[in-house]
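Student: This is the structure I want to talk about, given as structure tokens.
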Amino acid sequence: MKRKASAVWKGGLKDGKGSISTDSGVLDNTQYSFSTRFEEGKGTNPEELIAAAHAGCFSMALSGQLGNAGITAEQISTSATVTLEKTDAGFTVTAVHLDVSAKIPGADPKAFETAANNAKTGCPISRLLNAKITMDAKLVS
């Protein structure tokens, strides 16, 4: 399976602008720029898109891990926070923190914790990133 997205950048780093599109059309010439990446400009940025991809990937992976344990969640909510830092090598994604809450009536907390940890290390986006990945996962009623 292959998925495709594209980006176009016009101009210099600080005064230029870019757009990102996906073959699915979910993103269609979505604006990004220096200010959306390093300041508070309107638009998206690569790190925000990585956070969205990681949150979505993890939620699906957790559902799969729970299913392997014979558990079905009513709802899994995941928020991913990507940290971009300037290192000696240049700007680098150094960490991702996942905040997870899952509504699973009657779930065994130990089985949930095992499934969450397996999903954290096993989801394809986690395996893609060369960053420290932390997580707070809780069952909610």
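Here's how to read the names in the structure tokens: chain A, B, ... by the order shown, residue numbers from 1 in each chain, ligand numbers from 1 in the order shown.
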Could you name the residues that touch region 70-77 of chain A at 8 Å or less, counting only C-alpha atoms, but leaving out those on the same chain fewer than 2 positions away, as JSON, numbers by chain?
Tutor: {"A": [59, 63, 66, 67, 68, 79, 100, 101, 102, 103, 104, 105, 107]}
Student: Kindly export the residues of the current selection with C-alpha atoms, as a short mmCIF file (atom, residue, chain, number, x, y, z; two decimals), in the first residue's frame.
Tutor:
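And here's out.cif as it stands now:
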data_model
loop_
_atom_site.label_atom_id
_atom_site.label_comp_id
_atom_site.auth_asym_id
_atom_site.auth_seq_id
_atom_site.Cartn_x
_atom_site.Cartn_y
_atom_site.Cartn_z
CA SER A 59 -6.09 5.17 18.22
CA SER A 63 -8.43 -0.57 19.06
CA LEU A 66 -7.84 -4.25 22.62
CA GLY A 67 -9.60 -6.44 20.05
CA ASN A 68 -6.80 -9.00 20.35
CA SER A 79 -4.12 13.85 21.38
CA VAL A 100 -5.12 8.94 25.59
CA SER A 101 -8.46 8.31 27.23
CA ALA A 102 -10.59 5.31 26.48
CA LYS A 103 -14.17 4.58 27.50
CA ILE A 104 -14.38 0.83 28.04
CA PRO A 105 -17.00 -0.15 30.63
CA ALA A 107 -12.29 -3.09 31.33
#
Student: Residues near Gly122 (chain A), anyone? I mean within 12 Å using only C-alpha atoms, not counting same-chain ones fewer than 2 positions away, as a list in words.
Tutor: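 Listing them by chain and then by number gives His54, Cys57, Phe58, Ser59, Met60, Ala61, Leu62, Gly64, Gln65, Thr114, Ala115, Ala116, Asn117, Asn118, Ala119, Lys120, Pro124, Ile125, Ser126, Arg127, Leu128, Leu129 and Ile133 of chain A.
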Student: Just checking: using only C-alpha atoms, which residue out of A:Ala7, A:Ala51, A:Val26, A:Ala69 ends up closest to Ala111 (chain A)?
Tutor: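 Under the stated criterion, the closest residue is A:Ala69.
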Student: Using DSSP secondary structure from the backbone, list all alpha helix (DSSP H) positions within region 61-118 of chain A, as an MDAnalysis selection string.
Tutor: chainID A and resid 61:68 109:118
Student: Name the residues in contact with region 12-25 of chain A at a cut-off of 12 Å, using only C-alpha atoms, excluding same-chain residues fewer than 2 positions from it; report them as a list in words.
Tutor: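 Listed by chain and then number, they are Lys2, Arg3, Lys4, Ala5, Ser6, Ala7, Val8, Trp9, Lys10, Leu27, Asp28, Asn29, Thr30, Gln31, Tyr32, Ser33, Phe34, Ser35, Thr36, Arg37, Phe38, Glu39, Gly41, Lys42, Gly43, Thr44, Asn45, Pro46 and Leu49 of chain A.
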Student: To test your reading of the structure, identify every residue in chain A that backbone DSSP assigns to strand (DSSP E), and report it as a PyMOL selection string.
Tutor: chain A and resi 5-10+17-22+30-33+75-87+90-103+132-140
Student: Grab the residues selected above and save them as a short mmCIF file (atom, residue, chain, number, x, y, z; two decimals), in the first residue's frame with N, CA and C atoms.
Tutor:
data_model
loop_
_atom_site.label_atom_id
_atom_site.label_comp_id
_atom_site.auth_asym_id
_atom_site.auth_seq_id
_atom_site.Cartn_x
_atom_site.Cartn_y
_atom_site.Cartn_z
N ALA A 5 1.11 12.37 -0.93
CA ALA A 5 0.79 13.78 -0.67
C ALA A 5 1.85 14.61 -1.38
N SER A 6 1.56 15.87 -1.59
CA SER A 6 2.52 16.73 -2.28
C SER A 6 2.54 18.11 -1.63
N ALA A 7 3.65 18.80 -1.84
CA ALA A 7 3.81 20.16 -1.32
C ALA A 7 4.45 21.02 -2.39
N VAL A 8 4.04 22.27 -2.43
CA VAL A 8 4.62 23.27 -3.32
C VAL A 8 5.02 24.45 -2.44
N TRP A 9 6.26 24.93 -2.62
CA TRP A 9 6.76 26.09 -1.87
C TRP A 9 7.17 27.16 -2.85
N LYS A 10 6.76 28.41 -2.59
CA LYS A 10 7.10 29.53 -3.46
C LYS A 10 7.73 30.63 -2.62
N LYS A 17 5.54 31.05 0.87
CA LYS A 17 4.34 30.34 1.29
C LYS A 17 4.29 29.01 0.56
N GLY A 18 3.64 28.06 1.19
CA GLY A 18 3.52 26.76 0.57
C GLY A 18 2.10 26.24 0.67
N SER A 19 1.86 25.15 -0.03
CA SER A 19 0.57 24.46 0.07
C SER A 19 0.82 22.96 0.05
N ILE A 20 -0.03 22.26 0.79
CA ILE A 20 0.06 20.81 0.90
C ILE A 20 -1.25 20.23 0.40
N SER A 21 -1.15 19.15 -0.38
CA SER A 21 -2.34 18.46 -0.89
C SER A 21 -2.15 16.96 -0.73
N THR A 22 -3.28 16.26 -0.58
CA THR A 22 -3.25 14.81 -0.52
C THR A 22 -4.08 14.26 -1.66
N THR A 30 -3.73 23.22 1.07
CA THR A 30 -3.78 23.74 2.43
C THR A 30 -2.51 24.55 2.70
N GLN A 31 -2.69 25.78 3.13
CA GLN A 31 -1.61 26.74 3.28
C GLN A 31 -0.69 26.40 4.46
N TYR A 32 0.60 26.56 4.25
CA TYR A 32 1.57 26.55 5.34
C TYR A 32 2.68 27.54 5.02
N SER A 33 3.38 28.00 6.07
CA SER A 33 4.40 29.03 5.89
C SER A 33 5.34 29.00 7.09
N GLN A 75 -15.10 4.29 23.00
CA GLN A 75 -14.45 5.46 22.41
C GLN A 75 -13.00 5.51 22.86
N ILE A 76 -12.13 5.86 21.93
CA ILE A 76 -10.72 6.13 22.23
C ILE A 76 -10.43 7.54 21.73
N SER A 77 -9.94 8.39 22.61
CA SER A 77 -9.58 9.76 22.24
C SER A 77 -8.09 9.94 22.46
N THR A 78 -7.39 10.37 21.43
CA THR A 78 -5.94 10.55 21.52
C THR A 78 -5.56 11.93 21.01
N SER A 79 -4.71 12.59 21.78
CA SER A 79 -4.12 13.85 21.38
C SER A 79 -2.61 13.65 21.35
N ALA A 80 -1.96 14.05 20.27
CA ALA A 80 -0.51 13.91 20.15
C ALA A 80 0.12 15.30 20.13
N THR A 81 1.14 15.49 20.95
CA THR A 81 1.88 16.75 20.97
C THR A 81 3.29 16.48 20.47
N VAL A 82 3.65 17.08 19.34
CA VAL A 82 4.96 16.91 18.73
C VAL A 82 5.86 18.06 19.19
N THR A 83 7.06 17.71 19.64
CA THR A 83 8.05 18.72 20.06
C THR A 83 9.10 18.87 18.97
N LEU A 84 9.25 20.10 18.48
CA LEU A 84 10.27 20.45 17.49
C LEU A 84 11.30 21.32 18.21
N GLU A 85 12.55 20.87 18.21
CA GLU A 85 13.60 21.61 18.90
C GLU A 85 14.78 21.83 17.97
N LYS A 86 15.52 22.91 18.23
CA LYS A 86 16.74 23.14 17.48
C LYS A 86 17.86 22.37 18.18
N THR A 87 18.47 21.45 17.45
CA THR A 87 19.57 20.66 17.96
C THR A 87 20.83 21.01 17.16
N GLY A 90 20.26 20.71 13.61
CA GLY A 90 19.22 21.57 13.04
C GLY A 90 17.90 21.26 13.71
N PHE A 91 16.81 21.83 13.20
CA PHE A 91 15.50 21.58 13.79
C PHE A 91 15.16 20.10 13.66
N THR A 92 14.70 19.52 14.78
CA THR A 92 14.47 18.08 14.85
C THR A 92 13.22 17.80 15.67
N VAL A 93 12.39 16.88 15.21
CA VAL A 93 11.30 16.37 16.06
C VAL A 93 11.96 15.46 17.08
N THR A 94 11.94 15.89 18.33
CA THR A 94 12.64 15.15 19.39
C THR A 94 11.72 14.31 20.24
N ALA A 95 10.43 14.63 20.26
CA ALA A 95 9.53 13.89 21.14
C ALA A 95 8.10 14.00 20.66
N VAL A 96 7.31 13.01 21.05
CA VAL A 96 5.87 13.04 20.86
C VAL A 96 5.26 12.54 22.17
N HIS A 97 4.26 13.27 22.65
CA HIS A 97 3.55 12.81 23.84
C HIS A 97 2.10 12.52 23.44
N LEU A 98 1.65 11.33 23.79
CA LEU A 98 0.28 10.92 23.52
C LEU A 98 -0.55 11.02 24.79
N ASP A 99 -1.65 11.75 24.73
CA ASP A 99 -2.64 11.78 25.81
C ASP A 99 -3.82 10.97 25.32
N VAL A 100 -4.12 9.90 26.04
CA VAL A 100 -5.12 8.94 25.59
C VAL A 100 -6.15 8.74 26.68
N SER A 101 -7.41 8.74 26.31
CA SER A 101 -8.46 8.31 27.23
C SER A 101 -9.38 7.38 26.45
N ALA A 102 -9.76 6.31 27.13
CA ALA A 102 -10.59 5.31 26.48
C ALA A 102 -11.77 4.98 27.37
N LYS A 103 -12.95 4.96 26.77
CA LYS A 103 -14.17 4.58 27.50
C LYS A 103 -14.43 3.11 27.18
N LYS A 132 11.62 10.37 21.10
CA LYS A 132 11.11 9.80 22.36
C LYS A 132 9.59 9.93 22.35
N ILE A 133 8.90 8.83 22.59
CA ILE A 133 7.44 8.83 22.61
C ILE A 133 6.98 8.49 24.03
N THR A 134 6.26 9.41 24.64
CA THR A 134 5.71 9.19 25.98
C THR A 134 4.21 9.16 25.87
N MET A 135 3.55 8.69 26.96
CA MET A 135 2.10 8.53 26.90
C MET A 135 1.52 8.59 28.29
N ASP A 136 0.35 9.21 28.40
CA ASP A 136 -0.52 9.11 29.56
C ASP A 136 -1.80 8.49 29.03
N ALA A 137 -2.13 7.29 29.52
CA ALA A 137 -3.33 6.60 29.05
C ALA A 137 -4.21 6.29 30.25
N LYS A 138 -5.50 6.63 30.11
CA LYS A 138 -6.42 6.39 31.23
C LYS A 138 -7.75 5.87 30.72
N LEU A 139 -8.35 5.06 31.56
CA LEU A 139 -9.71 4.61 31.32
C LEU A 139 -10.64 5.65 31.91
N VAL A 140 -11.70 5.99 31.21
CA VAL A 140 -12.69 6.94 31.73
C VAL A 140 -14.05 6.25 31.76
#
